[in-house]
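Shown here: coords.csv, CSV, C-alpha atoms.
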```csv
chain,number,residue,atom,x,y,z
A,1,MET,CA,-42.4,-2.3,-34.7
A,2,LYS,CA,-45.9,-1.9,-36.2
A,3,ASP,CA,-44.6,0.9,-38.4
A,4,LYS,CA,-41.7,-1.2,-39.6
A,5,LYS,CA,-44.0,-4.1,-40.5
A,6,SER,CA,-46.3,-1.7,-42.4
A,7,PHE,CA,-43.3,-0.4,-44.3
A,8,TRP,CA,-42.3,-3.8,-45.5
A,9,ILE,CA,-45.8,-4.8,-46.5
A,10,ALA,CA,-46.1,-1.6,-48.5
A,11,LEU,CA,-42.7,-2.1,-50.1
A,12,GLY,CA,-43.7,-5.7,-51.0
A,13,LEU,CA,-47.0,-4.5,-52.6
A,14,LEU,CA,-44.9,-2.1,-54.8
A,15,VAL,CA,-42.0,-4.4,-55.7
A,16,VAL,CA,-43.7,-7.7,-56.3
A,17,PRO,CA,-45.9,-6.6,-59.2
A,18,ILE,CA,-42.8,-4.9,-60.8
A,19,LEU,CA,-40.8,-8.2,-60.5
A,20,ILE,CA,-43.7,-10.2,-61.9
A,21,TYR,CA,-44.0,-7.8,-64.9
A,22,TRP,CA,-40.2,-7.9,-65.5
A,23,VAL,CA,-40.1,-11.7,-65.4
A,24,LEU,CA,-43.0,-12.0,-67.8
A,25,SER,CA,-41.6,-9.4,-70.1
A,26,LEU,CA,-38.2,-11.1,-70.2
A,27,ALA,CA,-39.9,-14.4,-71.0
A,28,ASN,CA,-42.0,-12.9,-73.8
A,29,HIS,CA,-38.9,-11.3,-75.3
A,30,THR,CA,-36.8,-14.4,-75.2
A,31,PHE,CA,-39.2,-17.2,-76.0
A,32,VAL,CA,-41.8,-15.9,-78.4
A,33,GLY,CA,-41.2,-17.8,-81.6
A,34,LEU,CA,-40.6,-16.3,-85.0
A,35,PRO,CA,-43.1,-16.8,-87.8
A,36,TYR,CA,-42.5,-19.1,-90.8
A,37,TYR,CA,-42.8,-17.7,-94.3
A,38,GLY,CA,-44.0,-19.5,-97.4
A,39,GLU,CA,-46.4,-22.4,-98.1
A,40,ARG,CA,-47.1,-24.8,-95.2
A,41,ILE,CA,-48.7,-28.2,-95.2
A,42,PRO,CA,-50.8,-28.7,-92.0
A,43,PRO,CA,-50.8,-32.0,-90.1
A,44,GLU,CA,-52.9,-34.7,-91.8
A,45,GLY,CA,-53.2,-38.5,-91.4
A,46,ASN,CA,-49.9,-40.0,-90.3
A,47,GLN,CA,-48.2,-36.6,-90.6
A,48,LYS,CA,-48.2,-35.2,-87.1
A,49,ASP,CA,-46.3,-31.9,-87.6
A,50,THR,CA,-46.8,-29.0,-89.9
A,51,ILE,CA,-44.3,-29.0,-92.9
A,52,TYR,CA,-42.9,-25.5,-93.5
A,53,TYR,CA,-41.5,-24.1,-96.7
A,54,THR,CA,-37.8,-24.8,-97.1
A,55,VAL,CA,-35.4,-22.8,-99.2
A,56,PRO,CA,-34.3,-25.1,-102.0
A,57,ASP,CA,-30.6,-26.1,-102.2
A,58,PHE,CA,-28.3,-24.2,-104.5
A,59,LYS,CA,-24.8,-24.5,-105.9
A,60,LEU,CA,-23.0,-21.2,-106.2
A,61,VAL,CA,-19.5,-19.8,-105.9
A,62,SER,CA,-18.2,-17.5,-103.2
A,63,GLN,CA,-15.6,-14.7,-103.4
A,64,PHE,CA,-13.0,-17.3,-102.3
A,65,GLY,CA,-13.8,-19.5,-105.3
A,66,ASP,CA,-15.4,-22.2,-103.1
A,67,THR,CA,-18.6,-23.9,-104.0
A,68,VAL,CA,-21.4,-23.0,-101.6
A,69,THR,CA,-24.4,-25.3,-101.0
A,70,HIS,CA,-26.7,-26.0,-98.0
A,71,ALA,CA,-24.3,-28.7,-97.0
A,72,SER,CA,-21.3,-26.3,-96.9
A,73,ILE,CA,-23.4,-23.7,-94.9
A,74,GLY,CA,-24.2,-26.6,-92.5
A,75,ASN,CA,-25.8,-26.1,-89.1
A,76,LYS,CA,-25.9,-22.3,-89.2
A,77,ILE,CA,-28.5,-19.6,-89.4
A,78,TYR,CA,-27.9,-17.0,-92.1
A,79,ILE,CA,-29.1,-13.7,-93.4
A,80,ALA,CA,-29.6,-13.6,-97.1
A,81,ASN,CA,-29.8,-10.6,-99.4
A,82,PHE,CA,-29.4,-9.7,-103.1
A,83,PHE,CA,-27.1,-7.0,-104.6
A,84,PHE,CA,-24.7,-6.3,-107.4
A,85,ALA,CA,-21.2,-4.9,-107.3
A,86,ARG,CA,-21.8,-2.0,-109.8
A,87,CYS,CA,-24.8,-0.7,-107.9
A,88,LYS,CA,-24.3,2.9,-106.8
A,89,ASP,CA,-27.6,3.5,-105.0
A,90,VAL,CA,-29.4,0.9,-102.9
A,91,CYS,CA,-26.8,-1.8,-102.5
A,92,PRO,CA,-24.1,0.3,-100.8
A,93,LYS,CA,-26.6,1.6,-98.3
A,94,MET,CA,-28.1,-1.8,-97.7
A,95,ASN,CA,-24.8,-3.6,-97.3
A,96,ALA,CA,-23.5,-0.8,-95.0
A,97,LYS,CA,-26.4,-1.6,-92.7
A,98,VAL,CA,-25.9,-5.3,-93.0
A,99,GLU,CA,-22.3,-4.7,-92.0
A,100,THR,CA,-23.4,-3.3,-88.7
A,101,VAL,CA,-25.2,-6.6,-87.9
A,102,TYR,CA,-22.2,-8.6,-89.1
A,103,ALA,CA,-19.9,-6.6,-86.9
A,104,LYS,CA,-22.1,-7.0,-83.9
A,105,CYS,CA,-22.3,-10.7,-84.4
A,106,ARG,CA,-18.5,-10.9,-84.6
A,107,GLU,CA,-18.2,-8.9,-81.4
A,108,LEU,CA,-20.7,-11.1,-79.6
A,109,ALA,CA,-19.0,-14.3,-80.9
A,110,ALA,CA,-16.0,-13.5,-78.7
A,111,THR,CA,-18.0,-14.3,-75.5
A,112,LYS,CA,-21.1,-16.2,-76.9
A,113,PRO,CA,-20.1,-19.1,-79.1
A,114,GLU,CA,-23.5,-19.4,-80.7
A,115,TYR,CA,-22.9,-16.2,-82.6
A,116,LYS,CA,-20.2,-18.0,-84.6
A,117,ASP,CA,-23.1,-19.9,-86.1
A,118,VAL,CA,-24.5,-16.7,-87.8
A,119,LEU,CA,-23.6,-16.4,-91.5
A,120,PHE,CA,-24.3,-13.6,-94.0
A,121,VAL,CA,-24.9,-14.6,-97.6
A,122,SER,CA,-25.2,-12.0,-100.4
A,123,HIS,CA,-26.3,-13.2,-103.8
A,124,SER,CA,-25.4,-11.3,-107.0
A,125,VAL,CA,-28.2,-10.3,-109.3
A,126,ASP,CA,-25.6,-9.5,-112.0
A,127,PRO,CA,-23.7,-12.7,-112.3
A,128,GLU,CA,-22.4,-11.9,-115.8
A,129,ASN,CA,-20.4,-9.0,-114.3
A,130,ASP,CA,-19.9,-10.2,-110.8
A,131,SER,CA,-17.1,-12.8,-111.2
A,132,VAL,CA,-15.1,-14.3,-108.3
A,133,PRO,CA,-12.3,-11.6,-108.5
A,134,ILE,CA,-14.9,-8.8,-108.6
A,135,LEU,CA,-16.7,-10.2,-105.6
A,136,ALA,CA,-13.3,-10.7,-103.8
A,137,MET,CA,-12.5,-7.0,-104.3
A,138,TYR,CA,-16.0,-6.0,-103.2
A,139,ALA,CA,-15.7,-8.1,-100.0
A,140,GLU,CA,-12.3,-6.5,-99.4
A,141,ARG,CA,-13.8,-3.0,-99.7
A,142,MET,CA,-16.4,-4.1,-97.2
A,143,GLY,CA,-13.7,-5.2,-94.8
A,144,VAL,CA,-14.8,-8.8,-95.0
A,145,THR,CA,-11.9,-11.2,-94.7
A,146,ASN,CA,-13.4,-14.4,-93.2
A,147,TYR,CA,-16.0,-17.0,-94.2
A,148,ASN,CA,-18.8,-15.5,-92.1
A,149,TRP,CA,-20.0,-13.2,-95.0
A,150,LEU,CA,-20.1,-14.9,-98.4
A,151,PHE,CA,-20.7,-13.0,-101.6
A,152,LEU,CA,-22.1,-15.5,-104.2
A,153,THR,CA,-22.2,-15.7,-108.0
A,154,GLY,CA,-23.0,-18.4,-110.5
A,155,SER,CA,-24.7,-18.8,-113.9
A,156,LYS,CA,-27.7,-16.6,-114.7
A,157,GLU,CA,-29.9,-19.7,-114.4
A,158,ALA,CA,-28.5,-20.6,-111.0
A,159,MET,CA,-28.9,-17.1,-109.6
A,160,TYR,CA,-32.5,-17.0,-111.0
A,161,GLN,CA,-33.4,-20.3,-109.3
A,162,ALA,CA,-31.8,-19.0,-106.0
A,163,GLY,CA,-34.0,-15.9,-106.2
A,164,ARG,CA,-37.1,-18.0,-106.8
A,165,GLY,CA,-36.1,-20.2,-103.9
A,166,TYR,CA,-36.1,-17.2,-101.5
A,167,LEU,CA,-39.6,-16.3,-102.8
A,168,LEU,CA,-38.4,-13.0,-104.3
A,169,PRO,CA,-40.0,-11.4,-107.4
A,170,VAL,CA,-38.3,-12.7,-110.5
A,171,SER,CA,-38.9,-12.3,-114.3
A,172,ILE,CA,-39.7,-15.6,-115.9
A,173,GLU,CA,-39.2,-14.1,-119.4
A,174,ASP,CA,-35.6,-13.1,-119.2
A,175,LYS,CA,-34.8,-15.1,-115.9
A,176,THR,CA,-33.7,-12.1,-113.9
A,177,ILE,CA,-34.2,-11.3,-110.2
A,178,ASP,CA,-35.9,-8.0,-109.4
A,179,HIS,CA,-33.5,-5.8,-107.4
A,180,SER,CA,-34.7,-6.1,-103.8
A,181,GLN,CA,-33.6,-4.4,-100.6
A,182,GLN,CA,-35.1,-7.2,-98.5
A,183,LEU,CA,-33.0,-9.2,-96.0
A,184,LEU,CA,-34.2,-12.7,-95.1
A,185,LEU,CA,-33.4,-14.6,-91.9
A,186,ILE,CA,-33.0,-18.3,-92.6
A,187,ASP,CA,-32.9,-20.9,-89.7
A,188,LYS,CA,-30.8,-24.0,-89.5
A,189,GLU,CA,-33.5,-26.0,-91.2
A,190,LYS,CA,-33.5,-23.6,-94.1
A,191,HIS,CA,-36.9,-22.1,-93.3
A,192,ILE,CA,-37.5,-18.4,-93.9
A,193,ARG,CA,-38.1,-16.9,-90.4
A,194,GLY,CA,-38.0,-13.1,-91.0
A,195,ILE,CA,-38.1,-10.6,-93.8
A,196,TYR,CA,-36.7,-7.0,-93.3
A,197,ASP,CA,-36.3,-3.8,-95.2
A,198,GLY,CA,-32.5,-3.5,-95.5
A,199,LEU,CA,-32.6,0.3,-95.7
A,200,GLU,CA,-34.7,1.0,-92.5
A,201,ASP,CA,-32.9,1.4,-89.2
A,202,ARG,CA,-35.8,0.0,-87.2
A,203,GLU,CA,-35.9,-3.1,-89.4
A,204,ILE,CA,-32.2,-3.6,-88.9
A,205,LYS,CA,-32.8,-3.4,-85.2
A,206,ARG,CA,-35.6,-5.9,-85.5
A,207,LEU,CA,-33.3,-8.2,-87.4
A,208,ARG,CA,-30.7,-8.1,-84.6
A,209,GLU,CA,-33.4,-8.9,-82.1
A,210,ASP,CA,-34.8,-11.8,-84.2
A,211,ILE,CA,-31.3,-13.3,-84.5
A,212,ASP,CA,-31.1,-13.3,-80.7
A,213,VAL,CA,-34.5,-14.9,-80.5
A,214,LEU,CA,-33.7,-17.6,-83.1
A,215,LEU,CA,-30.4,-18.5,-81.5
A,216,ALA,CA,-32.1,-18.7,-78.1
A,217,SER,CA,-34.8,-21.1,-79.5
A,218,TYR,CA,-32.1,-23.7,-80.3
A,219,LYS,CA,-30.9,-23.6,-76.7
A,220,THR,CA,-34.4,-24.4,-75.4
A,221,LYS,CA,-34.9,-27.3,-77.9
A,222,PRO,CA,-34.7,-30.8,-76.3
```
Let me see whether you can do it: turn the structure in this file into structure tokens.
Amino acid sequence: MKDKKSFWIALGLLVVPILIYWVLSLANHTFVGLPYYGERIPPEGNQKDTIYYTVPDFKLVSQFGDTVTHASIGNKIYIANFFFARCKDVCPKMNAKVETVYAKCRELAATKPEYKDVLFVSHSVDPENDSVPILAMYAERMGVTNYNWLFLTGSKEAMYQAGRGYLLPVSIEDKTIDHSQQLLLIDKEKHIRGIYDGLEDREIKRLREDIDVLLASYKTKP
């Protein structure tokens, strides 16, 4: 009887610390908040909360010919990137990796409705060439047939302002956007919550994890 009691005490001493570590690890993974990027205004006077940088609204056109603004994106989080259809080097590699995240979100949406609120928004840096029909063919080649991945174009000025809004390097002289392989995670309030190298597998993995964290944060909000 004494040996049996000693066994259970020893087992408890081994198992309890493991359980505590597992619970704390799970909590840290799920509830650690993501950072905010861009300028912020700290609380002052009657302003009780920090004001975080917000991506300015835009008015662009998708591969479906629809006008896309913050209002049409609505209450969704989205992943933004910049590309152009004629690109033969960086863009195909980057968008192939983005497609893996897009496909995973579509798969998860079948059982977890919150993943239906994940949108992918690719902005053209070559709007003079990337017309709506060109973007429609590009989307078809990518296997995109629904509204969860939008390929956007517009006037040169509109695309330039969009690039500035995402805090990307732009050329003021000729109003062009530097070709970037960055992916940006935007929350429902249009704050930038993550920046990732779109060519690195470890960064794509981090993006997928951060999407999970961001969606979970809306579940815990009162």
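Computed from the coordinates, the atom CA of Leu167 of chain A to atom CA of Val55 of chain A distance equals 8.5 Å.
Considering all atoms listed in the file, the residue among A:Cys105, A:Ile134, A:Phe83, A:Arg208 positioned nearest to Gln182 of chain A is A:Phe83.
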For segment 94-104 of chain A: contacts at 8 Å, only C-alpha atoms, fewer than 6 positions along chain excluded, given as JSON, numbers by chain
{"A": [120, 142, 149, 181, 198, 199, 201, 204, 208]}
Keeping C-alpha atoms for every residue in the selection just given, could you write it to a file as a PDB file, in the frame of the given file?
```pdb
ATOM      1  CA  PHE A 120     -24.300 -13.600 -94.000  1.00  0.00           C
ATOM      2  CA  MET A 142     -16.400  -4.100 -97.200  1.00  0.00           C
ATOM      3  CA  TRP A 149     -20.000 -13.200 -95.000  1.00  0.00           C
ATOM      4  CA  GLN A 181     -33.600  -4.400-100.600  1.00  0.00           C
ATOM      5  CA  GLY A 198     -32.500  -3.500 -95.500  1.00  0.00           C
ATOM      6  CA  LEU A 199     -32.600   0.300 -95.700  1.00  0.00           C
ATOM      7  CA  ASP A 201     -32.900   1.400 -89.200  1.00  0.00           C
ATOM      8  CA  ILE A 204     -32.200  -3.600 -88.900  1.00  0.00           C
ATOM      9  CA  ARG A 208     -30.700  -8.100 -84.600  1.00  0.00           C
TER      10      ARG A 208
END
```
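Using all atoms listed in the file for every distance, the candidate list A:Glu39, A:Glu114, A:Asp130, A:Glu107 yields A:Asp130 as the residue closest to Cys87 of chain A.
Rounded to one decimal, atom CA of Tyr138 of chain A and atom CA of Phe151 of chain A lie 8.6 Å from each other.
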Quick one: residues within 12 Å of Gly163 of chain A, all atoms listed in the file counted, chain neighbours fewer than 2 positions away excluded, as a PyMOL selection string?
chain A and resi 55-58+80-83+122-125+153+156-161+165-172+175-180+182+184
Here's a test: counting only C-alpha atoms, identify every protein, DNA and RNA residue with an atom at most 12 Å from (-48.2, -22.4, -88.9) in the file's coordinate frame, and state them as a PDB file with C-alpha atoms, keeping the file's coordinate frame.
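Written file, part.pdb:
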```
ATOM      1  CA  GLY A  33     -41.200 -17.800 -81.600  1.00  0.00           C
ATOM      2  CA  LEU A  34     -40.600 -16.300 -85.000  1.00  0.00           C
ATOM      3  CA  PRO A  35     -43.100 -16.800 -87.800  1.00  0.00           C
ATOM      4  CA  TYR A  36     -42.500 -19.100 -90.800  1.00  0.00           C
ATOM      5  CA  TYR A  37     -42.800 -17.700 -94.300  1.00  0.00           C
ATOM      6  CA  GLY A  38     -44.000 -19.500 -97.400  1.00  0.00           C
ATOM      7  CA  GLU A  39     -46.400 -22.400 -98.100  1.00  0.00           C
ATOM      8  CA  ARG A  40     -47.100 -24.800 -95.200  1.00  0.00           C
ATOM      9  CA  ILE A  41     -48.700 -28.200 -95.200  1.00  0.00           C
ATOM     10  CA  PRO A  42     -50.800 -28.700 -92.000  1.00  0.00           C
ATOM     11  CA  PRO A  43     -50.800 -32.000 -90.100  1.00  0.00           C
ATOM     12  CA  ASP A  49     -46.300 -31.900 -87.600  1.00  0.00           C
ATOM     13  CA  THR A  50     -46.800 -29.000 -89.900  1.00  0.00           C
ATOM     14  CA  ILE A  51     -44.300 -29.000 -92.900  1.00  0.00           C
ATOM     15  CA  TYR A  52     -42.900 -25.500 -93.500  1.00  0.00           C
ATOM     16  CA  TYR A  53     -41.500 -24.100 -96.700  1.00  0.00           C
ATOM     17  CA  ARG A 193     -38.100 -16.900 -90.400  1.00  0.00           C
TER      18      ARG A 193
END
```
Selection: 9 Å around Ala136 of chain A, all atoms listed in the file, excl. self and same-chain fewer than 3 positions, as a ChimeraX atom specification
/A:62-65,131-133,139-141,151
At what distance in Å, to one decimal, does atom CA of Ile186 of chain A lie from atom CA of Ala110 of chain A?
22.5 Å
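Nearest-residue note for Leu60 of chain A: choosing from A:Gly194, A:Pro113, A:Gly74, A:Gly154, the minimum distance belongs to A:Gly154, counting all atoms listed in the file.
When all atoms listed in the file are used to measure the gap to Leu207 of chain A, the shortest distance among A:Cys91, A:Ile79, A:Val144, A:Leu108 belongs to A:Ile79.
Proximity to Glu128 of chain A was assessed for A:Arg86, A:Arg164, A:Lys190, A:Arg202 counting all atoms listed in the file; the smallest distance is recorded for A:Arg86.
Nearest-residue note for Ile77 of chain A: choosing from A:Leu183, A:Asp89, A:Tyr115, A:Arg206, the minimum distance belongs to A:Tyr115, counting all atoms listed in the file.
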Could you give me, as a list in words, the residues within 8 Å of Lys76 of chain A, counting all atoms listed in the file and dropping anything in the same chain fewer than 2 positions from it?
Ile73, Gly74, Tyr78, Asp117, Val118, Leu119, Asp187 and Lys188 of chain A
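Every protein or nucleic acid residue with an atom no more than 8 Å from Thr54 of chain A, counting all atoms listed in the file and leaving out same-chain residues fewer than 5 positions away, appears here: Glu189, Lys190, His191 and Ile192 of chain A.
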